[in-house]
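Notes follow the structure.
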Amino acid sequence: MLNRLKAILADFFQQADLVLLGLCCVSTLYGIALIASATHYMKPERMIRYVGVQGVAMLLGLCAYIFMSMVDVEVLVKKWKWLVVFNIVFIGLLLTPFGVSDNTGNTAWLKFPGIPFSIGPAEVVKITFTLLLAKQLEWLREEKRDLRSFRSAFTVAGHTLALMGWYVIVSGDMGNALTFFFIFLGVAFVAGFALRWFVLLFGIIGTGTVGVVVLDHLGKVPESVAYMVNRFKVLFDHSYDSRGVGWQQNRSLLALGSGGLFGQGYMNGTQTQSGFSQSLPSRWTDFIFSVCGEELGLVGCLMVILLLAAIIIRVLLVAKNSQTPFQCYVCVGVASMLIYQTVINIGMCLFVMPTIGITLPFFSYGGSSLLTLYAAMGVVSGIKKRSPTMRRYRGVLR
């Protein structure tokens, strides 16, 4: 048994993507340091708990990375029907007593006895959805279907919208639902879908948005929809409802602006270390980037952006050198997920994107999020392991 374990680890260190793993580990450790500072104002036992949970999640994530590097996802996705059932059932568990609500009222988390952190079904399903989407596109190519046709576009978009709709109905969490949409956009674009379908799609979204704004102006939209509209209104007028919808982002801007070039010093941020209720909210989750800006300044923020950019570029390089269309699509889907979460979270902190509860990959607190991120990176590592550098698939990325 011990010799078998040694052989597995030896194989892992020889063939896995250790550069990608190193970037993920450095980012996570940086994030843990920021979480420690963001929770420093609390009682010591609470701070230790947050840091401890994130540390345990990182260790479990390393195991997940190694395991997923060993798994051939092309063999796994042959059981695609089981993956479809898994996605439906796992999201459906939010309707059971295990489903718990967050501070926004969305039932987006599962809490199981004995597990120290909540599990976000969306985090796990992002991986299985990406695998299914890649398999669906590969099947369309194998069947000689025209990926530029309406039928192909409708089939893949229908799969995406069905999963998004099911998740929103069950959880009410639009922010994570949009992650599935952006994974679809990235993979569909790389697969070669006709640009006219993207124009049509964004035209429909734009028309719907204008319609909602007009109805909101007339006072004929539900309160929940009006609240979402206000989150966009405040982006164009930061003084609009500054004590309500815009409060979190105003505090975020204040924290970022006060950091300057080098920040106020680690564990010395005015808002980060304040226990006052009107200080920086959700500082160890949604607004961890603002903590970095206040205490470590522009230099610290650039380090965060560079690390995430390096991870994304590394994933795209694996996509470029992949052996099959399926492998390429999977990597592009993972990169699309990272790009969406990074842009939305940092944009949210900079007050140019609405607050929709999207965390910063590898940096924000969240055990299940971190664990599944490492699992996704393990999938990419496994694809690199099975893609000889001298046999590059050409013609997929164009």
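Identifiers in this document derive from the order of the structure tokens: chains are assigned A, B, ..., residues are numbered from 1 separately in each chain, and ligands are numbered from 1 in order of occurrence.
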Query raised in the report: Which residues, written as a PyMOL selection string, have at least one atom at most 10 Å from Gly244 (chain A), with only C-alpha atoms counted and residues fewer than 3 positions away on the same chain left out?
Result: chain A and resi 230-231+234+240-241+247-248
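Counting only C-alpha atoms, Phe193 (chain A) has the following residues at most 9 Å away, ignoring those fewer than 6 positions along the same chain: Asp146, Leu147, Arg148, Ser149, Ser152 and Ala153 of chain A.
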Requested in this report: Identify, on the basis of only C-alpha atoms, every residue whose closest approach to Ser37 (chain A) does not exceed 10 Å; exclude the query and any residue fewer than 4 positions from it along the same chain; express the result as a PyMOL selection string.
Outcome: chain A and resi 31-33+41-42+47+51+266-269+272-273+283-284+288+291-292+295
Could you save the residues just selected, with all heavy atoms, as a compact mmCIF listing (two decimals), in the first residue's frame?
# COMPACT_ATOMS: atom_id res chain seq x y z
N GLY A 31 -4.11 34.84 0.33
CA GLY A 31 -5.49 35.02 0.76
C GLY A 31 -5.69 34.74 2.24
O GLY A 31 -6.40 35.46 2.94
N ILE A 32 -5.05 33.69 2.75
CA ILE A 32 -5.16 33.36 4.17
C ILE A 32 -4.58 34.48 5.02
O ILE A 32 -5.14 34.83 6.08
CB ILE A 32 -4.46 32.02 4.47
CG1 ILE A 32 -5.26 30.86 3.86
CG2 ILE A 32 -4.29 31.80 5.97
CD1 ILE A 32 -4.58 29.50 3.99
N ALA A 33 -3.48 35.07 4.57
CA ALA A 33 -2.90 36.21 5.29
C ALA A 33 -3.88 37.38 5.33
O ALA A 33 -4.03 38.05 6.36
CB ALA A 33 -1.59 36.63 4.64
N TYR A 41 -9.83 41.83 14.07
CA TYR A 41 -10.57 42.66 15.02
C TYR A 41 -11.53 41.84 15.88
O TYR A 41 -12.04 42.32 16.90
CB TYR A 41 -11.33 43.76 14.27
CG TYR A 41 -12.57 43.27 13.55
CD1 TYR A 41 -13.83 43.38 14.14
CD2 TYR A 41 -12.49 42.70 12.29
CE1 TYR A 41 -14.96 42.92 13.48
CE2 TYR A 41 -13.60 42.25 11.64
CZ TYR A 41 -14.85 42.36 12.23
OH TYR A 41 -15.96 41.90 11.58
N MET A 42 -11.79 40.61 15.48
CA MET A 42 -12.70 39.75 16.23
C MET A 42 -12.01 39.15 17.44
O MET A 42 -10.82 39.36 17.67
CB MET A 42 -13.21 38.62 15.32
CG MET A 42 -13.97 39.05 14.09
SD MET A 42 -14.42 37.60 13.11
CE MET A 42 -15.39 38.37 11.81
N MET A 47 -11.13 34.42 14.87
CA MET A 47 -10.12 34.61 13.84
C MET A 47 -9.42 33.29 13.54
O MET A 47 -9.21 32.94 12.36
CB MET A 47 -9.09 35.66 14.29
CG MET A 47 -8.05 35.97 13.22
SD MET A 47 -6.62 36.88 13.83
CE MET A 47 -5.72 35.58 14.66
N VAL A 51 -9.28 31.31 9.83
CA VAL A 51 -7.99 30.96 9.24
C VAL A 51 -7.82 29.44 9.19
O VAL A 51 -7.33 28.88 8.20
CB VAL A 51 -6.83 31.61 10.02
CG1 VAL A 51 -5.48 31.10 9.52
CG2 VAL A 51 -6.90 33.13 9.90
N TYR A 266 0.00 46.15 7.17
CA TYR A 266 -0.71 44.90 7.45
C TYR A 266 -1.25 44.90 8.88
O TYR A 266 -0.53 45.21 9.83
CB TYR A 266 0.25 43.72 7.25
CG TYR A 266 -0.39 42.36 7.44
CD1 TYR A 266 -1.39 41.92 6.59
CD2 TYR A 266 0.03 41.51 8.46
CE1 TYR A 266 -1.96 40.67 6.74
CE2 TYR A 266 -0.53 40.25 8.63
CZ TYR A 266 -1.53 39.84 7.77
OH TYR A 266 -2.11 38.61 7.94
N MET A 267 -2.55 44.60 9.00
CA MET A 267 -3.29 44.60 10.26
C MET A 267 -3.37 45.99 10.88
O MET A 267 -3.56 46.13 12.09
CB MET A 267 -2.69 43.61 11.26
CG MET A 267 -2.88 42.15 10.87
SD MET A 267 -2.52 40.99 12.21
CE MET A 267 -3.00 39.43 11.44
N ASN A 268 -3.27 47.02 10.04
CA ASN A 268 -3.38 48.39 10.52
C ASN A 268 -4.41 49.21 9.76
O ASN A 268 -4.47 50.43 9.92
CB ASN A 268 -2.01 49.09 10.43
CG ASN A 268 -1.05 48.62 11.51
OD1 ASN A 268 -1.38 48.60 12.69
ND2 ASN A 268 0.13 48.19 11.09
N GLY A 269 -5.21 48.57 8.92
CA GLY A 269 -6.22 49.30 8.15
C GLY A 269 -7.28 49.91 9.03
O GLY A 269 -7.80 49.25 9.94
N THR A 272 -10.54 48.00 8.13
CA THR A 272 -10.34 46.56 8.28
C THR A 272 -10.24 46.15 9.74
O THR A 272 -10.75 45.08 10.14
CB THR A 272 -9.06 46.12 7.55
OG1 THR A 272 -9.18 46.45 6.17
CG2 THR A 272 -8.83 44.63 7.68
N GLN A 273 -9.62 46.98 10.57
CA GLN A 273 -9.42 46.64 11.98
C GLN A 273 -10.47 47.26 12.90
O GLN A 273 -10.35 47.20 14.11
CB GLN A 273 -8.02 47.07 12.42
CG GLN A 273 -6.90 46.45 11.60
CD GLN A 273 -6.98 44.93 11.55
OE1 GLN A 273 -7.36 44.27 12.51
NE2 GLN A 273 -6.63 44.36 10.40
N ARG A 283 -15.72 41.73 4.88
CA ARG A 283 -14.32 42.01 4.52
C ARG A 283 -13.48 40.77 4.30
O ARG A 283 -12.44 40.85 3.65
CB ARG A 283 -13.70 42.91 5.60
CG ARG A 283 -13.65 42.35 6.99
CD ARG A 283 -13.33 43.41 8.03
NE ARG A 283 -14.50 44.22 8.35
CZ ARG A 283 -14.57 45.07 9.38
NH1 ARG A 283 -13.51 45.25 10.14
NH2 ARG A 283 -15.66 45.75 9.62
N TRP A 284 -13.88 39.63 4.81
CA TRP A 284 -13.10 38.41 4.58
C TRP A 284 -13.66 37.57 3.43
O TRP A 284 -13.10 36.55 3.07
CB TRP A 284 -13.00 37.57 5.86
CG TRP A 284 -14.32 37.20 6.47
CD1 TRP A 284 -15.05 36.07 6.23
CD2 TRP A 284 -15.08 37.97 7.40
NE1 TRP A 284 -16.22 36.09 6.96
CE2 TRP A 284 -16.25 37.25 7.70
CE3 TRP A 284 -14.87 39.19 8.02
CZ2 TRP A 284 -17.21 37.72 8.57
CZ3 TRP A 284 -15.84 39.67 8.90
CH2 TRP A 284 -16.99 38.93 9.17
N ILE A 288 -12.60 41.19 0.18
CA ILE A 288 -11.22 40.91 0.59
C ILE A 288 -10.24 41.75 -0.23
O ILE A 288 -9.17 42.15 0.26
CB ILE A 288 -10.91 39.40 0.43
CG1 ILE A 288 -9.62 39.02 1.18
CG2 ILE A 288 -10.82 38.99 -1.02
CD1 ILE A 288 -9.77 38.98 2.66
N VAL A 291 -9.74 45.01 1.49
CA VAL A 291 -8.83 44.86 2.62
C VAL A 291 -7.39 44.96 2.14
O VAL A 291 -6.56 45.65 2.73
CB VAL A 291 -9.07 43.50 3.32
CG1 VAL A 291 -7.98 43.21 4.34
CG2 VAL A 291 -10.44 43.47 3.99
N CYS A 292 -7.11 44.27 1.03
CA CYS A 292 -5.76 44.30 0.46
C CYS A 292 -5.38 45.73 0.07
O CYS A 292 -4.27 46.19 0.35
CB CYS A 292 -5.71 43.38 -0.76
SG CYS A 292 -4.08 43.29 -1.54
N GLU A 295 -4.73 47.97 3.31
CA GLU A 295 -3.57 47.66 4.14
C GLU A 295 -2.27 47.50 3.35
O GLU A 295 -1.19 47.78 3.88
CB GLU A 295 -3.84 46.39 4.95
CG GLU A 295 -4.99 46.57 5.93
CD GLU A 295 -5.01 45.52 7.01
OE1 GLU A 295 -4.45 44.42 6.80
OE2 GLU A 295 -5.59 45.79 8.08
Requested in this report: Extract, using only C-alpha atoms, all DNA, RNA and protein residues at most 10 Å from Phe150 (chain A), discarding same-chain residues fewer than 5 positions from it, and format them as a PyMOL selection string.
Outcome: chain A and resi 155+193-194+196-197
Quick one: write out the picked residues with N, CA, C and O atoms as a short mmCIF file (atom, residue, chain, number, x, y, z; two decimals), in the first residue's frame?
data_model
loop_
_atom_site.label_atom_id
_atom_site.label_comp_id
_atom_site.auth_asym_id
_atom_site.auth_seq_id
_atom_site.Cartn_x
_atom_site.Cartn_y
_atom_site.Cartn_z
N THR A 155 -29.37 24.16 -28.88
CA THR A 155 -29.17 22.96 -28.05
C THR A 155 -28.26 23.25 -26.86
O THR A 155 -28.57 22.92 -25.71
N PHE A 193 -18.95 29.05 -32.54
CA PHE A 193 -20.33 29.46 -32.77
C PHE A 193 -20.34 30.76 -33.57
O PHE A 193 -19.48 31.63 -33.40
N ALA A 194 -21.34 30.92 -34.42
CA ALA A 194 -21.44 32.11 -35.26
C ALA A 194 -21.63 33.35 -34.41
O ALA A 194 -22.39 33.34 -33.43
N ARG A 196 -23.27 35.90 -35.06
CA ARG A 196 -24.63 36.42 -35.10
C ARG A 196 -25.47 35.93 -33.92
O ARG A 196 -26.38 36.64 -33.47
N TRP A 197 -25.15 34.73 -33.41
CA TRP A 197 -25.92 34.23 -32.27
C TRP A 197 -25.55 34.97 -31.00
O TRP A 197 -26.40 35.21 -30.14
#
Query - For Ala16 (chain A), the nearest of the candidates A:Thr207, A:Ser69, A:Gln341, A:Thr39, counting only C-alpha atoms - result: A:Ser69
Report task. List the neighbours of region 112-123 of chain A out to 6 Å using only C-alpha atoms; skip same-chain residues closer than 5 positions along the sequence, and give me the result as a list in words. Result -> Ile91, Gly367, Ser368 and Ser369 of chain A
Report task. Determine, counting only C-alpha atoms, which protein, DNA and RNA residues have an atom within 9 Å of an atom of Val100 (chain A); residues of the same chain fewer than 3 positions away are not included. Present the result as a VMD selection string. Result -> chain A and resid 94 97 106 to 111 118
Query - Proximity to Phe129 (chain A) - best of A:Phe276, A:Tyr329, A:Phe13, A:Phe202, only C-alpha atoms - result: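 Counting only C-alpha atoms, the residue closest to Phe129 (chain A) is A:Tyr329.
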